[in-house]
$ cat run34.cif   # mmCIF, C-alpha atoms
data_work
loop_
_atom_site.label_atom_id
_atom_site.label_comp_id
_atom_site.auth_asym_id
_atom_site.auth_seq_id
_atom_site.Cartn_x
_atom_site.Cartn_y
_atom_site.Cartn_z
CA MET A 1 166.38 67.17 51.21
CA ILE A 2 165.85 70.22 53.38
CA ALA A 3 162.83 72.39 54.14
CA ARG A 4 163.69 76.08 54.30
CA LEU A 5 162.07 79.46 54.02
CA LEU A 6 161.30 80.69 50.53
CA VAL A 7 163.23 83.94 50.18
CA GLU A 8 162.99 86.94 47.92
CA GLU A 9 166.05 85.90 45.94
CA ASP A 10 164.59 82.53 44.97
CA SER A 11 163.62 82.01 41.36
CA ARG A 12 159.90 82.27 40.72
CA GLN A 13 159.79 79.82 37.83
CA PRO A 14 160.34 76.58 39.81
CA VAL A 15 157.71 77.77 42.30
CA ARG A 16 155.24 78.28 39.45
CA GLU A 17 156.07 74.82 38.10
CA ILE A 18 155.26 73.16 41.42
CA LEU A 19 151.96 75.01 41.72
CA GLU A 20 150.96 74.27 38.13
CA ARG A 21 151.36 70.53 38.61
CA ASP A 22 147.84 70.64 40.01
CA SER A 23 146.33 74.11 39.92
CA VAL A 24 143.10 72.97 41.62
CA THR A 25 144.72 71.24 44.60
CA ASN A 26 147.29 74.04 44.93
CA ALA A 27 144.83 76.92 44.54
CA PHE A 28 145.19 78.06 48.16
CA ILE A 29 148.97 78.44 48.04
CA THR A 30 148.77 80.01 44.59
CA SER A 31 146.27 82.58 45.86
CA ARG A 32 148.61 83.49 48.72
CA LEU A 33 151.71 83.69 46.54
CA HIS A 34 150.38 85.26 43.34
CA ARG A 35 151.41 88.82 44.19
CA TRP A 36 154.98 87.64 44.74
CA LEU A 37 154.88 85.54 41.59
CA ASP A 38 153.86 88.57 39.53
CA SER A 39 156.47 90.71 41.34
CA SER A 40 153.89 93.15 42.71
CA LEU A 41 154.61 92.41 46.37
CA SER A 42 157.55 91.10 48.38
CA LEU A 43 157.34 87.95 50.48
CA SER A 44 157.73 90.02 53.65
CA LYS A 45 154.38 91.71 52.92
CA LEU A 46 152.46 88.42 52.61
CA SER A 47 150.75 86.75 55.54
CA GLY A 48 152.29 83.52 56.82
CA GLU A 49 155.50 81.82 55.74
CA PHE A 50 156.25 79.82 52.62
CA TRP A 51 158.70 76.94 52.81
CA VAL A 52 160.36 75.21 49.91
CA VAL A 53 161.62 71.64 50.04
CA GLU A 54 164.90 71.60 48.17
CA ASP A 55 167.06 68.73 46.96
CA GLU A 56 170.50 69.74 45.69
CA GLY A 57 169.17 73.03 44.38
CA SER A 58 165.99 71.57 42.86
CA PHE A 59 162.62 72.62 44.28
CA GLU A 60 160.49 69.58 45.14
CA ALA A 61 157.52 70.93 47.15
CA LEU A 62 156.01 73.96 48.85
CA VAL A 63 154.37 74.44 52.24
CA TYR A 64 152.32 77.36 53.53
CA VAL A 65 152.75 77.87 57.28
CA GLY A 66 150.27 80.24 58.87
CA ALA A 67 146.89 79.90 60.53
CA ASN A 68 146.65 76.80 58.33
CA LEU A 69 149.47 74.46 57.37
CA VAL A 70 149.06 73.58 53.68
CA PRO A 71 151.49 71.36 51.74
CA THR A 72 151.57 70.57 48.04
CA LEU A 73 151.81 67.02 46.77
CA CYS A 74 155.25 65.64 47.55
CA SER A 75 157.33 62.51 48.09
CA ASP A 76 157.98 60.66 51.35
CA GLN A 77 161.46 62.18 51.42
CA ALA A 78 159.99 65.66 51.14
CA ILE A 79 157.50 64.88 53.92
CA ASP A 80 160.40 63.77 56.12
CA ALA A 81 162.12 67.10 55.49
CA ILE A 82 158.96 69.04 56.36
CA VAL A 83 158.40 67.03 59.55
CA GLY A 84 162.01 67.45 60.54
CA ARG A 85 161.58 71.21 60.56
CA LEU A 86 158.07 71.33 62.01
CA ALA A 87 158.92 68.98 64.88
CA ARG A 88 161.51 71.48 66.15
CA GLU A 89 158.93 74.27 66.36
CA MET A 90 155.85 74.92 68.44
CA ARG A 91 152.63 74.42 66.54
CA ARG A 92 151.36 77.71 65.11
CA SER A 93 148.57 76.42 62.90
CA THR A 94 145.02 75.48 63.84
CA SER A 95 144.79 72.93 61.03
CA ILE A 96 146.72 70.94 58.45
CA THR A 97 144.90 70.71 55.11
CA GLY A 98 146.02 69.41 51.75
CA PRO A 99 146.31 66.29 49.60
CA ALA A 100 145.14 63.37 51.75
CA SER A 101 148.19 61.20 51.06
CA VAL A 102 150.54 63.97 52.20
CA VAL A 103 148.53 65.26 55.16
CA LEU A 104 147.93 61.83 56.71
CA SER A 105 151.53 60.73 56.25
CA LEU A 106 152.81 64.03 57.60
CA TRP A 107 150.56 63.82 60.64
CA GLU A 108 151.55 60.25 61.44
CA ARG A 109 155.16 61.40 61.75
CA LEU A 110 154.39 64.73 63.40
CA GLU A 111 151.92 63.65 66.08
CA PRO A 112 154.59 62.42 68.54
CA SER A 113 156.02 65.94 68.80
CA TRP A 114 152.82 67.99 68.37
CA GLY A 115 150.42 65.88 70.40
CA SER A 116 146.88 64.71 69.63
CA ALA A 117 144.55 66.38 67.16
CA ARG A 118 140.98 67.38 68.00
CA VAL A 119 139.60 65.66 64.90
CA ILE A 120 140.95 64.13 61.71
CA ARG A 121 138.95 64.34 58.47
CA SER A 122 140.76 61.72 56.43
CA ALA A 123 138.71 61.86 53.21
CA GLN A 124 137.35 65.13 51.89
CA PRO A 125 136.35 64.90 48.21
CA LEU A 126 137.81 67.74 46.14
CA LEU A 127 135.29 68.58 43.42
CA VAL A 128 135.63 70.71 40.30
CA ILE A 129 133.52 72.19 37.50
CA ASP A 130 134.81 74.03 34.43
CA SER A 131 131.68 74.68 32.40
CA ALA A 132 128.15 76.01 32.82
CA PRO A 133 126.19 74.30 35.61
CA LEU A 134 123.74 71.53 34.74
CA VAL A 135 120.90 73.34 36.53
CA GLU A 136 119.35 76.77 36.17
CA ALA A 137 120.89 79.51 38.27
CA ASP A 138 118.89 81.32 40.95
CA VAL A 139 118.37 84.90 39.80
CA ASP A 140 117.64 85.91 43.39
CA VAL A 141 121.14 85.00 44.56
CA ARG A 142 123.26 88.17 44.44
CA ALA A 143 126.38 89.76 45.85
CA VAL A 144 126.03 90.68 49.52
CA GLU A 145 126.12 94.40 50.27
CA PRO A 146 128.54 95.70 52.95
CA VAL A 147 125.58 96.92 55.04
CA GLU A 148 124.35 93.31 55.18
CA LEU A 149 127.39 91.98 57.03
CA SER A 150 125.55 91.66 60.36
CA LEU A 151 122.69 89.90 58.60
CA ILE A 152 125.00 87.31 57.02
CA PHE A 153 127.34 86.86 59.98
CA PRO A 154 125.16 84.50 62.11
CA SER A 155 124.68 82.04 59.23
CA ALA A 156 128.43 82.12 58.54
CA VAL A 157 129.12 81.30 62.19
CA GLU A 158 126.58 78.48 62.14
CA MET A 159 128.02 76.98 58.97
CA PHE A 160 131.60 77.12 60.27
CA THR A 161 130.63 75.57 63.60
CA GLN A 162 128.79 72.71 61.94
CA GLU A 163 131.59 71.95 59.49
CA VAL A 164 134.63 72.41 61.72
CA GLY A 165 133.13 71.37 65.04
CA THR A 166 134.16 74.49 66.93
CA SER A 167 132.92 78.08 66.93
CA PRO A 168 134.89 80.73 65.00
CA LEU A 169 134.07 83.27 67.70
CA GLY A 170 137.02 82.11 69.81
CA ILE A 171 138.95 84.36 72.14
CA ASP A 172 138.47 87.49 70.01
CA ASN A 173 134.67 87.12 69.98
CA GLY A 174 134.74 86.52 66.24
CA ALA A 175 136.54 89.73 65.28
CA SER A 176 138.97 88.03 62.87
CA PHE A 177 136.25 85.83 61.37
CA ARG A 178 133.98 88.84 60.90
CA SER A 179 136.82 90.83 59.35
CA ARG A 180 137.51 88.09 56.79
CA LEU A 181 133.81 87.89 55.86
CA ALA A 182 133.68 91.68 55.50
CA GLU A 183 136.70 91.54 53.20
CA LEU A 184 135.02 88.98 50.94
CA ILE A 185 131.89 91.12 50.81
CA LEU A 186 133.89 94.20 49.83
CA GLN A 187 135.59 92.17 47.10
CA GLY A 188 132.22 91.10 45.70
CA ARG A 189 132.90 87.45 46.51
CA ALA A 190 130.09 86.78 49.03
CA PHE A 191 126.69 85.79 47.65
CA ALA A 192 123.29 85.17 49.23
CA ARG A 193 119.60 84.83 48.65
CA ILE A 194 117.86 87.13 51.10
CA GLU A 195 114.09 87.40 51.42
CA ASN A 196 112.33 89.77 53.81
CA GLY A 197 115.55 90.25 55.77
CA GLU A 198 116.10 86.50 56.10
CA VAL A 199 119.10 84.62 54.69
CA LEU A 200 117.96 81.52 52.80
CA PHE A 201 121.27 80.63 51.13
CA LYS A 202 124.83 81.90 51.18
CA ALA A 203 128.26 81.00 49.85
CA GLU A 204 131.57 82.74 49.25
CA ILE A 205 134.32 82.52 46.65
CA GLY A 206 137.02 82.06 49.24
CA LEU A 207 139.90 82.34 46.82
CA SER A 208 140.34 83.02 43.14
CA THR A 209 143.25 82.51 40.76
CA LEU A 210 143.26 82.51 36.97
CA ARG A 211 143.43 78.71 36.95
CA ALA A 212 141.03 77.90 39.79
CA ALA A 213 138.59 79.45 42.24
CA GLN A 214 137.36 77.80 45.42
CA ILE A 215 133.90 78.11 46.91
CA GLN A 216 133.45 77.95 50.68
CA GLY A 217 130.87 78.62 53.38
CA VAL A 218 127.92 77.01 51.60
CA TRP A 219 124.87 77.22 53.86
CA THR A 220 121.10 76.88 53.46
CA GLN A 221 118.57 77.79 56.10
CA PRO A 222 117.71 74.48 57.82
CA ALA A 223 113.95 74.95 57.51
CA ARG A 224 114.27 75.39 53.72
CA ARG A 225 116.60 72.51 52.92
CA GLY A 226 115.40 69.99 50.36
CA GLU A 227 113.69 72.63 48.21
CA GLY A 228 116.50 73.00 45.65
CA ILE A 229 117.59 76.38 46.98
CA ALA A 230 121.20 75.26 47.45
CA THR A 231 121.39 73.64 44.00
CA SER A 232 120.25 76.71 42.07
CA GLY A 233 122.16 79.01 44.41
CA MET A 234 125.39 77.12 43.81
CA ALA A 235 124.81 77.38 40.07
CA THR A 236 124.74 81.17 40.41
CA VAL A 237 127.96 81.25 42.44
CA VAL A 238 129.70 78.91 39.98
CA LEU A 239 128.82 81.21 37.08
CA GLU A 240 130.19 84.20 39.00
CA ALA A 241 133.43 82.36 39.79
CA LEU A 242 133.91 81.25 36.18
CA LYS A 243 134.02 84.90 35.12
CA SER A 244 137.57 85.15 36.45
CA SER A 245 138.79 81.54 36.79
CA ASP A 246 139.10 78.60 34.42
CA ARG A 247 137.69 76.15 36.95
CA VAL A 248 135.76 76.23 40.19
CA SER A 249 136.44 73.85 43.05
CA LEU A 250 135.32 73.06 46.57
CA TYR A 251 135.92 70.33 49.09
CA VAL A 252 133.44 68.68 51.38
CA ASN A 253 133.41 66.11 54.17
CA ASP A 254 132.78 62.64 52.74
CA PHE A 255 129.99 62.00 55.25
CA ASN A 256 128.01 65.05 54.07
CA GLU A 257 125.90 63.08 51.61
CA SER A 258 123.27 65.77 51.08
CA ALA A 259 125.91 68.30 50.06
CA LEU A 260 127.55 65.79 47.73
CA ARG A 261 124.21 65.23 46.00
CA VAL A 262 123.73 68.98 45.54
CA TYR A 263 127.17 69.41 44.00
CA GLU A 264 126.66 66.44 41.69
CA LYS A 265 123.39 67.95 40.43
CA VAL A 266 125.19 71.24 39.73
CA GLY A 267 127.81 69.42 37.65
CA PHE A 268 130.81 69.08 39.93
CA THR A 269 133.01 66.01 39.40
CA ARG A 270 135.67 64.41 41.60
CA HIS A 271 139.17 65.83 41.15
CA GLY A 272 140.95 64.33 44.14
CA THR A 273 140.86 63.85 47.89
CA LEU A 274 141.98 66.21 50.62
CA ALA A 275 142.37 65.60 54.34
CA SER A 276 142.31 67.92 57.33
CA VAL A 277 143.80 67.60 60.79
CA LEU A 278 142.08 70.03 63.16
CA PHE A 279 143.42 71.22 66.52
#
$ encode --input "run34.cif" --output "structure tokens"
Amino acid sequence: MIARLLVEEDSRQPVREILERDSVTNAFITSRLHRWLDSSLSLSKLSGEFWVVEDEGSFEALVYVGANLVPTLCSDQAIDAIVGRLAREMRRSTSITGPASVVLSLWERLEPSWGSARVIRSAQPLLVIDSAPLVEADVDVRAVEPVELSLIFPSAVEMFTQEVGTSPLGIDNGASFRSRLAELILQGRAFARIENGEVLFKAEIGLSTLRAAQIQGVWTQPARRGEGIATSGMATVVLEALKSSDRVSLYVNDFNESALRVYEKVGFTRHGTLASVLF
């Protein structure tokens, strides 16, 4: 097996088949590739690289290589092919995220050439819901307006820092993080409950495909936690996401018991397990 760049001349059908093996787990790569899959944009116009693992002309797996490194489910032989290519290159990604079995096996083989990770999250439940939430939605949760970006930004920074363990402000003082949040707001995919100029709850639909959407950035004001704000707020965001996707997913750290309880109340069920290696 070899891992090589996906190129414009490659057939789209085997790529679709790999992604459709598990549309929830593969939602990130699907969201990045969909404009190539529908022939509306060339690969050269997409951010990051896409690798295909090939065995005698048959496509076995896909890998997204960009700010994040994201593999699909694949065999040990495919992982060996991916590692063989990655080990010859300098690390470009700030994280590796994907199916736990693949990510942990990949990292075990890659660590000798890439060096130590900052933190390894070995079990992140991947949850999914495909029907109306089990709780009533919060009518006060609404799409964030572009003029409210600065109001939402501090809570987004706080949430990211708590979850990832490092600030998103980084060397560019948060310019790229702020730009991504602004993009989601403009797309109508950022939601919040705001009272008297104060953010009580927020969440974003980070990606959306026909088969699956993924919610991210869930945050509740610390002083108001335990009041059910997150539960009803998530119900609202789920209903919004289901307008354009068959299913809604999210993943969470396994030690975040309070969040897991909220998502269970909303109606999310376990779909699988992801893992993340953070640098």
$ atom_distance --input "run34.cif" --atom1 "CA of Leu62 in chain A" --atom2 "CA of Leu184 in chain A"
25.9 Å
$ closest_residue --input "run34.cif" --among "A:Ala213, A:Leu127, A:Ala67, A:Val7" --to "Asp254 in chain A" --atoms "only C-alpha atoms"
A:Leu127
$ residues_near_point --input "run34.cif" --point "(127.7, 68.3, 41.8)" --cutoff "10 Å" --atoms "only C-alpha atoms" --output "PyMOL selection string"
chain A and resi 127-129+133-135+231+234-235+259-270
$ residues_around --input "run34.cif" --residues "range 136-140 of chain A" --least-positions-apart "4" --cutoff "8 Å" --atoms "all atoms listed in the file" --output "ChimeraX atom specification"
/A:193-194,229,232-236
$ residues_around --input "run34.cif" --residues "range 117-122 of chain A" --least-positions-apart "4" --cutoff "6 Å" --atoms "all atoms listed in the file" --output "PyMOL selection string"
chain A and resi 275-279
$ residues_around --input "run34.cif" --residues "Met90 in chain A" --least-positions-apart "4" --cutoff "10 Å" --atoms "all atoms listed in the file" --output "PyMOL selection string"
chain A and resi 86+113-114
$ atom_distance --input "run34.cif" --atom1 "CA of Gln214 in chain A" --atom2 "CA of Val147 in chain A"
24.4 Å
$ resolve_selection --input "run34.cif" --expression "the PyMOL selection byres ((chain A and resi 45-48) around 8)" --output "list in words"
Arg32, Leu33, Leu41, Ser42, Leu43, Ser44, Glu49, Phe50, Tyr64, Val65, Gly66 and Ala67 of chain A
$ residues_around --input "run34.cif" --residues "Glu56 in chain A" --least-positions-apart "3" --cutoff "12 Å" --atoms "only C-alpha atoms" --output "ChimeraX atom specification"
/A:1-3,53,59-60
$ atom_distance --input "run34.cif" --atom1 "CA of Arg85 in chain A" --atom2 "CA of Leu104 in chain A"
17.0 Å
$ closest_residue --input "run34.cif" --among "A:Ala61, A:Ala100, A:Leu186, A:Leu151" --to "Ala81 in chain A" --atoms "only C-alpha atoms"
A:Ala61
$ resolve_selection --input "run34.cif" --expression "the PyMOL selection byres ((chain A and resi 245) around 6)" --output "number ranges by chain"
A: 210-213, 242, 244, 246-247
$ write_last_selection --input "run34.cif" --atoms "C-alpha atoms" --output "compact mmCIF listing (two decimals), in the frame of the given file"
# COMPACT_ATOMS: atom_id res chain seq x y z
CA LEU A 210 143.26 82.51 36.97
CA ARG A 211 143.43 78.71 36.95
CA ALA A 212 141.03 77.90 39.79
CA ALA A 213 138.59 79.45 42.24
CA LEU A 242 133.91 81.25 36.18
CA SER A 244 137.57 85.15 36.45
CA ASP A 246 139.10 78.60 34.42
CA ARG A 247 137.69 76.15 36.95
$ residues_near_point --input "run34.cif" --point "(141.7, 74.0, 59.1)" --cutoff "6 Å" --atoms "all atoms listed in the file" --output "list in words"
Asn68, Thr94, Ser95, Ile96 and Leu278 of chain A
$ axis_aligned_box --input "run34.cif" --around "range 1-14 of chain A" --padding-each-side "5 Å" --output "JSON"
{"center_x": 163.1, "center_y": 77.1, "center_z": 46.1, "size_x": 16.6, "size_y": 29.8, "size_z": 26.5}
